[in-house]
>>> print(open('protein24.cif').read())   # mmCIF, C-alpha atoms
data_input
loop_
_atom_site.label_atom_id
_atom_site.label_comp_id
_atom_site.auth_asym_id
_atom_site.auth_seq_id
_atom_site.Cartn_x
_atom_site.Cartn_y
_atom_site.Cartn_z
CA MET A 1 -116.92 -43.36 134.11
CA ALA A 2 -119.32 -40.91 132.54
CA THR A 3 -120.77 -40.27 136.00
CA GLU A 4 -117.35 -39.33 137.31
CA VAL A 5 -116.66 -36.87 134.50
CA LEU A 6 -120.08 -35.28 135.03
CA TRP A 7 -119.44 -35.12 138.77
CA TRP A 8 -116.18 -33.23 138.28
CA ILE A 9 -117.85 -30.81 135.87
CA PHE A 10 -120.61 -30.09 138.39
CA ALA A 11 -118.15 -29.81 141.28
CA ALA A 12 -116.05 -27.27 139.34
CA ALA A 13 -119.23 -25.36 138.47
CA ILE A 14 -120.32 -25.26 142.12
CA VAL A 15 -116.93 -23.97 143.28
CA ALA A 16 -116.84 -21.38 140.48
CA PHE A 17 -120.39 -20.17 141.17
CA SER A 18 -119.75 -20.00 144.93
CA ALA A 19 -116.55 -18.03 144.38
CA GLY A 20 -118.48 -15.73 142.05
CA THR A 21 -121.10 -15.23 144.77
CA VAL A 22 -118.62 -14.08 147.38
CA PHE A 23 -116.10 -12.27 145.14
CA SER A 24 -118.35 -10.50 142.64
CA ARG A 25 -118.52 -6.72 142.94
CA SER A 26 -122.07 -6.37 141.71
CA VAL A 27 -124.78 -7.53 144.10
CA LEU A 28 -127.01 -8.64 141.24
CA HIS A 29 -124.25 -10.78 139.74
CA SER A 30 -123.72 -12.29 143.19
CA ALA A 31 -127.39 -13.28 143.34
CA ILE A 32 -127.26 -14.90 139.91
CA PHE A 33 -124.08 -16.82 140.81
CA LEU A 34 -125.86 -17.96 143.99
CA ILE A 35 -128.68 -19.46 141.90
CA GLY A 36 -126.08 -21.43 139.92
CA SER A 37 -124.39 -22.67 143.08
CA LEU A 38 -127.67 -23.78 144.69
CA ALA A 39 -128.74 -25.58 141.51
CA GLY A 40 -125.34 -27.29 141.38
CA VAL A 41 -125.79 -28.57 144.94
CA GLY A 42 -129.20 -29.88 143.84
CA ALA A 43 -127.46 -31.78 141.04
CA MET A 44 -125.09 -33.20 143.68
CA TYR A 45 -128.14 -34.59 145.51
CA LEU A 46 -129.03 -36.35 142.25
CA PHE A 47 -125.54 -37.88 142.16
CA LEU A 48 -126.16 -39.04 145.73
CA THR A 49 -129.46 -40.57 144.46
CA VAL A 50 -131.66 -38.58 146.83
CA GLU A 51 -134.12 -37.45 144.16
CA PHE A 52 -136.71 -36.09 146.59
CA LEU A 53 -134.27 -33.72 148.27
CA ALA A 54 -132.91 -32.65 144.88
CA LEU A 55 -136.43 -31.61 143.85
CA VAL A 56 -136.94 -29.82 147.17
CA GLN A 57 -133.61 -28.05 146.66
CA PHE A 58 -134.56 -26.85 143.17
CA LEU A 59 -138.02 -25.72 144.33
CA ILE A 60 -137.20 -24.05 147.66
CA TYR A 61 -133.73 -22.68 146.96
CA GLY A 62 -133.76 -22.25 143.20
CA GLY A 63 -137.26 -20.84 143.30
CA ALA A 64 -138.45 -19.32 146.56
CA VAL A 65 -135.27 -18.25 148.34
CA THR A 66 -133.61 -16.66 145.31
CA VAL A 67 -136.78 -14.76 144.43
CA LEU A 68 -136.88 -13.42 148.01
CA ILE A 69 -133.21 -12.41 147.83
CA LEU A 70 -133.61 -10.72 144.44
CA LEU A 71 -136.66 -8.81 145.72
CA ALA A 72 -134.78 -7.67 148.81
CA LEU A 73 -131.82 -6.60 146.62
CA MET A 74 -134.10 -4.50 144.44
CA LEU A 75 -135.89 -2.95 147.43
CA THR A 76 -132.63 -1.96 149.12
CA ARG A 77 -130.76 -0.83 146.03
CA SER A 78 -128.48 1.93 147.25
CA ASP A 79 -124.78 2.69 147.47
CA ALA A 80 -122.38 -0.28 147.68
CA ARG A 81 -121.85 -0.88 143.99
CA GLY A 82 -118.76 -0.65 141.81
CA THR A 83 -115.64 -0.21 143.88
CA PRO A 84 -114.47 -3.12 146.03
CA ASP A 85 -114.18 -0.78 149.00
CA ALA A 86 -117.90 -0.20 148.94
CA VAL A 87 -118.75 -3.90 148.72
CA ASN A 88 -116.09 -5.37 151.02
CA GLY A 89 -115.22 -4.13 154.49
CA PRO A 90 -111.75 -3.28 155.82
CA GLN A 91 -111.64 -6.74 157.44
CA LEU A 92 -111.00 -8.39 154.05
CA PRO A 93 -107.43 -9.69 154.73
CA PHE A 94 -108.58 -11.13 158.06
CA ALA A 95 -111.52 -12.82 156.32
CA LEU A 96 -109.20 -14.34 153.72
CA LEU A 97 -106.92 -15.64 156.48
CA VAL A 98 -109.75 -17.18 158.53
CA SER A 99 -111.55 -18.80 155.61
CA GLY A 100 -108.31 -20.07 154.08
CA GLY A 101 -107.24 -21.62 157.38
CA LEU A 102 -110.67 -23.14 157.89
CA MET A 103 -110.62 -24.61 154.39
CA ALA A 104 -107.20 -26.16 154.97
CA VAL A 105 -108.28 -27.72 158.27
CA LEU A 106 -111.59 -29.04 156.89
CA ILE A 107 -109.99 -30.56 153.78
CA GLY A 108 -107.26 -32.12 155.89
CA VAL A 109 -109.81 -33.70 158.22
CA ALA A 110 -112.09 -34.82 155.36
CA ALA A 111 -109.28 -36.48 153.43
CA GLY A 112 -107.35 -37.85 156.39
CA THR A 113 -110.05 -39.46 158.50
CA ASP A 114 -110.98 -43.13 158.37
CA TRP A 115 -114.74 -42.57 158.27
CA ARG A 116 -115.71 -46.14 158.98
CA PRO A 117 -113.55 -48.97 160.27
CA GLY A 118 -113.47 -51.52 157.46
CA GLY A 119 -113.84 -48.99 154.69
CA VAL A 120 -116.50 -46.74 153.22
CA PRO A 121 -118.67 -48.12 150.35
CA ASP A 122 -117.55 -47.01 146.90
CA SER A 123 -120.90 -45.68 145.81
CA PRO A 124 -123.90 -44.14 147.60
CA THR A 125 -126.91 -46.28 148.43
CA ASN A 126 -130.16 -45.14 146.90
CA ILE A 127 -132.34 -43.28 149.43
CA GLY A 128 -135.93 -43.74 148.30
CA ILE A 129 -138.78 -41.42 149.10
CA GLU A 130 -140.45 -44.24 151.10
CA THR A 131 -137.53 -44.37 153.54
CA ILE A 132 -137.54 -40.59 153.90
CA SER A 133 -141.29 -40.43 154.57
CA GLU A 134 -141.15 -43.31 157.06
CA ARG A 135 -138.34 -41.69 159.02
CA LEU A 136 -139.79 -38.19 158.78
CA PHE A 137 -143.35 -39.00 159.84
CA ALA A 138 -142.74 -41.90 162.23
CA ASP A 139 -139.51 -41.10 164.07
CA PHE A 140 -139.24 -37.35 163.54
CA GLY A 141 -142.96 -36.55 163.83
CA ALA A 142 -142.63 -34.09 166.70
CA PRO A 143 -139.79 -32.05 165.11
CA PHE A 144 -141.79 -32.04 161.87
CA VAL A 145 -144.81 -30.45 163.58
CA ILE A 146 -142.57 -28.00 165.46
CA ALA A 147 -140.91 -27.02 162.15
CA SER A 148 -144.30 -26.22 160.65
CA ALA A 149 -145.12 -24.04 163.66
CA LEU A 150 -141.72 -22.36 163.23
CA LEU A 151 -142.50 -21.59 159.58
CA LEU A 152 -145.84 -20.06 160.56
CA VAL A 153 -144.26 -17.93 163.29
CA ALA A 154 -141.50 -16.79 160.91
CA LEU A 155 -144.09 -15.89 158.26
CA VAL A 156 -146.15 -13.78 160.68
CA GLY A 157 -143.01 -12.23 162.13
CA ALA A 158 -141.67 -11.28 158.71
CA ILE A 159 -144.98 -9.64 157.78
CA ILE A 160 -145.06 -7.67 161.04
CA LEU A 161 -141.43 -6.57 160.62
CA ALA A 162 -141.72 -5.46 157.00
CA ARG A 163 -145.18 -3.93 157.28
CA GLN A 164 -145.60 -0.20 156.74
CA GLU A 165 -146.88 1.14 160.03
CA GLU A 166 -149.30 4.01 160.25
CA GLY A 167 -147.76 7.40 160.87
CA GLU A 168 -144.41 6.31 159.41
CA MET B 1 -117.51 -44.14 141.24
CA VAL B 2 -117.13 -40.98 143.26
CA PRO B 3 -115.78 -41.62 146.76
CA LEU B 4 -117.21 -39.99 149.89
CA GLU B 5 -114.13 -37.81 150.38
CA ASN B 6 -114.87 -35.90 147.16
CA TYR B 7 -118.20 -34.70 148.55
CA LEU B 8 -116.60 -33.76 151.87
CA VAL B 9 -113.82 -31.74 150.20
CA LEU B 10 -116.33 -30.01 147.91
CA SER B 11 -118.54 -29.00 150.80
CA ALA B 12 -115.49 -27.85 152.79
CA ILE B 13 -114.51 -25.53 149.92
CA VAL B 14 -118.04 -24.13 149.58
CA PHE B 15 -118.31 -23.68 153.37
CA ALA B 16 -114.99 -21.80 153.52
CA LEU B 17 -116.12 -19.55 150.67
CA GLY B 18 -119.29 -18.86 152.64
CA VAL B 19 -117.26 -17.97 155.75
CA TYR B 20 -115.21 -15.57 153.66
CA GLY B 21 -118.40 -13.94 152.33
CA VAL B 22 -119.90 -13.54 155.80
CA LEU B 23 -116.71 -11.94 157.15
CA ALA B 24 -115.73 -9.73 154.22
CA ARG B 25 -119.01 -8.45 152.79
CA ARG B 26 -120.67 -5.25 153.96
CA ASN B 27 -124.09 -5.45 152.33
CA ALA B 28 -126.50 -7.34 154.60
CA VAL B 29 -128.11 -9.19 151.68
CA LEU B 30 -124.69 -10.35 150.47
CA VAL B 31 -123.92 -11.63 153.98
CA LEU B 32 -127.20 -13.53 153.89
CA MET B 33 -126.31 -15.08 150.53
CA ALA B 34 -122.99 -16.28 151.97
CA ILE B 35 -124.91 -17.83 154.88
CA GLU B 36 -127.03 -19.69 152.33
CA LEU B 37 -123.84 -21.07 150.80
CA MET B 38 -122.71 -22.34 154.22
CA LEU B 39 -126.08 -23.96 154.92
CA ASN B 40 -125.96 -25.70 151.55
CA ALA B 41 -122.46 -27.00 152.17
CA VAL B 42 -123.63 -28.45 155.49
CA SER B 43 -126.66 -30.18 153.99
CA LEU B 44 -124.51 -31.62 151.19
CA ASN B 45 -122.24 -33.02 153.89
CA PHE B 46 -125.17 -34.50 155.85
CA ILE B 47 -126.69 -36.14 152.77
CA ALA B 48 -123.33 -37.53 151.61
CA PHE B 49 -122.82 -39.18 154.99
CA ALA B 50 -126.40 -40.50 154.96
CA ALA B 51 -126.05 -42.00 151.48
CA TYR B 52 -122.64 -43.58 152.06
CA LEU B 53 -122.55 -44.58 155.72
CA ASP B 54 -126.13 -44.68 156.98
CA PRO B 55 -128.45 -45.89 154.18
CA GLY B 56 -130.78 -47.72 156.58
CA LYS B 57 -131.61 -44.88 158.98
CA ILE B 58 -130.73 -41.86 156.76
CA THR B 59 -130.66 -39.49 159.74
CA GLY B 60 -128.49 -37.12 157.70
CA ALA B 61 -131.09 -36.74 154.96
CA ILE B 62 -133.75 -35.96 157.60
CA PHE B 63 -131.43 -33.33 159.05
CA ALA B 64 -131.09 -31.82 155.58
CA VAL B 65 -134.89 -31.54 155.36
CA PHE B 66 -134.93 -29.56 158.60
CA ILE B 67 -131.98 -27.42 157.48
CA ILE B 68 -133.92 -26.45 154.35
CA THR B 69 -137.02 -25.64 156.43
CA VAL B 70 -135.18 -23.51 158.96
CA ALA B 71 -133.15 -21.80 156.21
CA ALA B 72 -136.36 -20.77 154.45
CA ALA B 73 -137.76 -19.29 157.67
CA GLU B 74 -134.42 -17.59 158.38
CA VAL B 75 -134.21 -15.99 154.94
CA GLY B 76 -137.75 -14.62 155.22
CA LEU B 77 -137.13 -13.09 158.65
CA ALA B 78 -133.65 -11.75 157.82
CA LEU B 79 -134.83 -10.07 154.63
CA ALA B 80 -137.72 -8.47 156.55
CA ILE B 81 -135.15 -7.11 159.01
CA VAL B 82 -132.96 -5.83 156.13
CA ILE B 83 -135.92 -4.06 154.52
CA ARG B 84 -136.86 -2.58 157.89
CA LEU B 85 -133.28 -1.38 158.42
CA PHE B 86 -133.20 0.14 154.95
CA ARG B 87 -136.46 1.98 155.55
CA ASN B 88 -135.42 3.38 158.92
CA ARG B 89 -131.77 4.23 158.24
CA ALA B 90 -131.48 4.22 154.41
CA THR B 91 -128.63 1.73 154.43
CA SER B 92 -128.11 -2.00 154.09
CA ASN B 93 -124.52 -1.81 155.33
CA VAL B 94 -123.98 -4.08 158.33
CA ASP B 95 -121.19 -1.84 159.65
CA GLU B 96 -123.61 1.06 160.01
CA ALA B 97 -126.23 -0.96 161.88
CA ALA B 98 -124.42 -0.64 165.18
CA ILE B 99 -126.94 0.99 167.54
CA LEU B 100 -126.93 -2.06 169.80
CA LYS B 101 -123.12 -1.89 170.17
CA TRP B 102 -121.54 -0.07 173.11
#
>>> encode(input="protein24.cif", output="structure tokens")
Amino acid sequence: MATEVLWWIFAAAIVAFSAGTVFSRSVLHSAIFLIGSLAGVGAMYLFLTVEFLALVQFLIYGGAVTVLILLALMLTRSDARGTPDAVNGPQLPFALLVSGGLMAVLIGVAAGTDWRPGGVPDSPTNIGIETISERLFADFGAPFVIASALLLVALVGAIILARQEEGE
Amino acid sequence: MVPLENYLVLSAIVFALGVYGVLARRNAVLVLMAIELMLNAVSLNFIAFAAYLDPGKITGAIFAVFIITVAAAEVGLALAIVIRLFRNRATSNVDEAAILKW
């Protein structure tokens, strides 16, 4: 019972933080709301008993990605603050329509589908780190190596893109 | 106990909020933050399915690992592009970065 109450608290926090991220007028407030939302999703991984991925979420998203985003915000600090016109484009009503329709369809499908004939288990099964490592290194070995190459390429590419060139 | 549908509805709400952010925002960094929200909603969905329906093979959790990896690479590259754009054109407004449009 206590788990359920906690779950609803965290779910409400995630929705509130996400709404703050996309509706806030100040870019810095948006970034701080984003940190809350990402941490909340990490807590959801704990509810799903995937502790390893929760830790990864806190480290990569709560740490690295948000620091990158905050740095980029501070380096590109310019106009676009204060009035909603400066932050949101003229396509705002269209965006509301599309995202509202999408939300209705997704919730309808999620709630109305019989996900497994014979019923879904009531509670999640614990996913241990041993299972994850076995699957990741034995069955998904090639994608794992390719992902590391992708990270290296992205790192070098980002440095080349952001570098100050001579004569600029 | 929390049923699977709760996780699916939660991730649907977060995903829709992300779609709204991508469509409505003008600042490129804000668009990127909304994309992060969408990616997180998708990995939450994958992991919920893995934990409830597929505890033996956990393909969904493995997918979430790759989503996190690719998202990290994507954020690094996209922010480099934003900084480049800001340096060359003194703006981070996606509506003004339209030189490739004809």
>>> resolve_selection(input="protein24.cif", expression="the PyMOL selection byres ((chain B) within 7 of (chain A))", output="number ranges by chain")
B: 1-3, 5, 8-10, 12-14, 16-17, 19-21, 23-27, 29-30, 34, 48, 51-53, 55, 62, 72-73, 76-77, 79-81, 83-84, 86, 92
>>> atom_distance(input="protein24.cif", atom1="CA of Gly56 in chain B", atom2="CA of Leu44 in chain B")
18.1 Å
>>> resolve_selection(input="protein24.cif", expression="the PyMOL selection byres ((chain B and resi 60) around 7)", output="count of residues only")
10
>>> atom_distance(input="protein24.cif", atom1="CA of Ala41 in chain B", atom2="CA of Ser11 in chain B")
4.6 Å
>>> atom_distance(input="protein24.cif", atom1="CA of Phe137 in chain A", atom2="CA of Leu39 in chain B")
23.4 Å
>>> closest_residue(input="protein24.cif", among="B:Ile67, B:Tyr7, B:Asn45, B:Arg87", to="Glu165 in chain A", atoms="all atoms listed in the file")
B:Arg87
>>> build_atoms(input="protein24.cif", residues="range 6-28 of chain B", atoms="N, CA and C atoms", output="compact mmCIF listing (two decimals), in the frame of the given file")
# COMPACT_ATOMS: atom_id res chain seq x y z
N ASN B 6 -114.67 -36.96 148.14
CA ASN B 6 -114.87 -35.90 147.16
C ASN B 6 -115.98 -34.94 147.61
N TYR B 7 -117.09 -35.54 148.09
CA TYR B 7 -118.20 -34.70 148.55
C TYR B 7 -117.77 -33.86 149.76
N LEU B 8 -117.00 -34.49 150.67
CA LEU B 8 -116.60 -33.76 151.87
C LEU B 8 -115.69 -32.59 151.51
N VAL B 9 -114.74 -32.82 150.59
CA VAL B 9 -113.82 -31.74 150.20
C VAL B 9 -114.59 -30.63 149.49
N LEU B 10 -115.52 -31.02 148.61
CA LEU B 10 -116.33 -30.01 147.91
C LEU B 10 -117.11 -29.17 148.89
N SER B 11 -117.75 -29.79 149.87
CA SER B 11 -118.54 -29.00 150.80
C SER B 11 -117.64 -28.19 151.71
N ALA B 12 -116.42 -28.66 152.00
CA ALA B 12 -115.49 -27.85 152.79
C ALA B 12 -115.12 -26.58 152.03
N ILE B 13 -114.87 -26.70 150.71
CA ILE B 13 -114.51 -25.53 149.92
C ILE B 13 -115.67 -24.53 149.89
N VAL B 14 -116.89 -25.04 149.65
CA VAL B 14 -118.04 -24.13 149.58
C VAL B 14 -118.28 -23.47 150.94
N PHE B 15 -118.12 -24.24 152.03
CA PHE B 15 -118.31 -23.68 153.37
C PHE B 15 -117.30 -22.58 153.64
N ALA B 16 -116.02 -22.81 153.27
CA ALA B 16 -114.99 -21.80 153.52
C ALA B 16 -115.27 -20.54 152.70
N LEU B 17 -115.76 -20.72 151.46
CA LEU B 17 -116.12 -19.55 150.67
C LEU B 17 -117.25 -18.78 151.35
N GLY B 18 -118.21 -19.52 151.93
CA GLY B 18 -119.29 -18.86 152.64
C GLY B 18 -118.79 -18.08 153.84
N VAL B 19 -117.84 -18.67 154.59
CA VAL B 19 -117.26 -17.97 155.75
C VAL B 19 -116.60 -16.68 155.30
N TYR B 20 -115.85 -16.78 154.18
CA TYR B 20 -115.21 -15.57 153.66
C TYR B 20 -116.26 -14.50 153.34
N GLY B 21 -117.37 -14.91 152.69
CA GLY B 21 -118.40 -13.94 152.33
C GLY B 21 -119.01 -13.29 153.55
N VAL B 22 -119.29 -14.10 154.59
CA VAL B 22 -119.90 -13.54 155.80
C VAL B 22 -118.97 -12.52 156.43
N LEU B 23 -117.64 -12.83 156.46
CA LEU B 23 -116.71 -11.94 157.15
C LEU B 23 -116.38 -10.70 156.34
N ALA B 24 -116.27 -10.83 155.01
CA ALA B 24 -115.73 -9.73 154.22
C ALA B 24 -116.80 -8.78 153.70
N ARG B 25 -118.01 -9.28 153.45
CA ARG B 25 -119.01 -8.45 152.79
C ARG B 25 -119.60 -7.42 153.74
N ARG B 26 -120.07 -6.30 153.16
CA ARG B 26 -120.67 -5.25 153.96
C ARG B 26 -122.18 -5.18 153.79
N ASN B 27 -122.66 -5.50 152.58
CA ASN B 27 -124.09 -5.45 152.33
C ASN B 27 -124.78 -6.61 153.05
N ALA B 28 -125.86 -6.30 153.79
CA ALA B 28 -126.50 -7.34 154.60
C ALA B 28 -127.05 -8.46 153.73
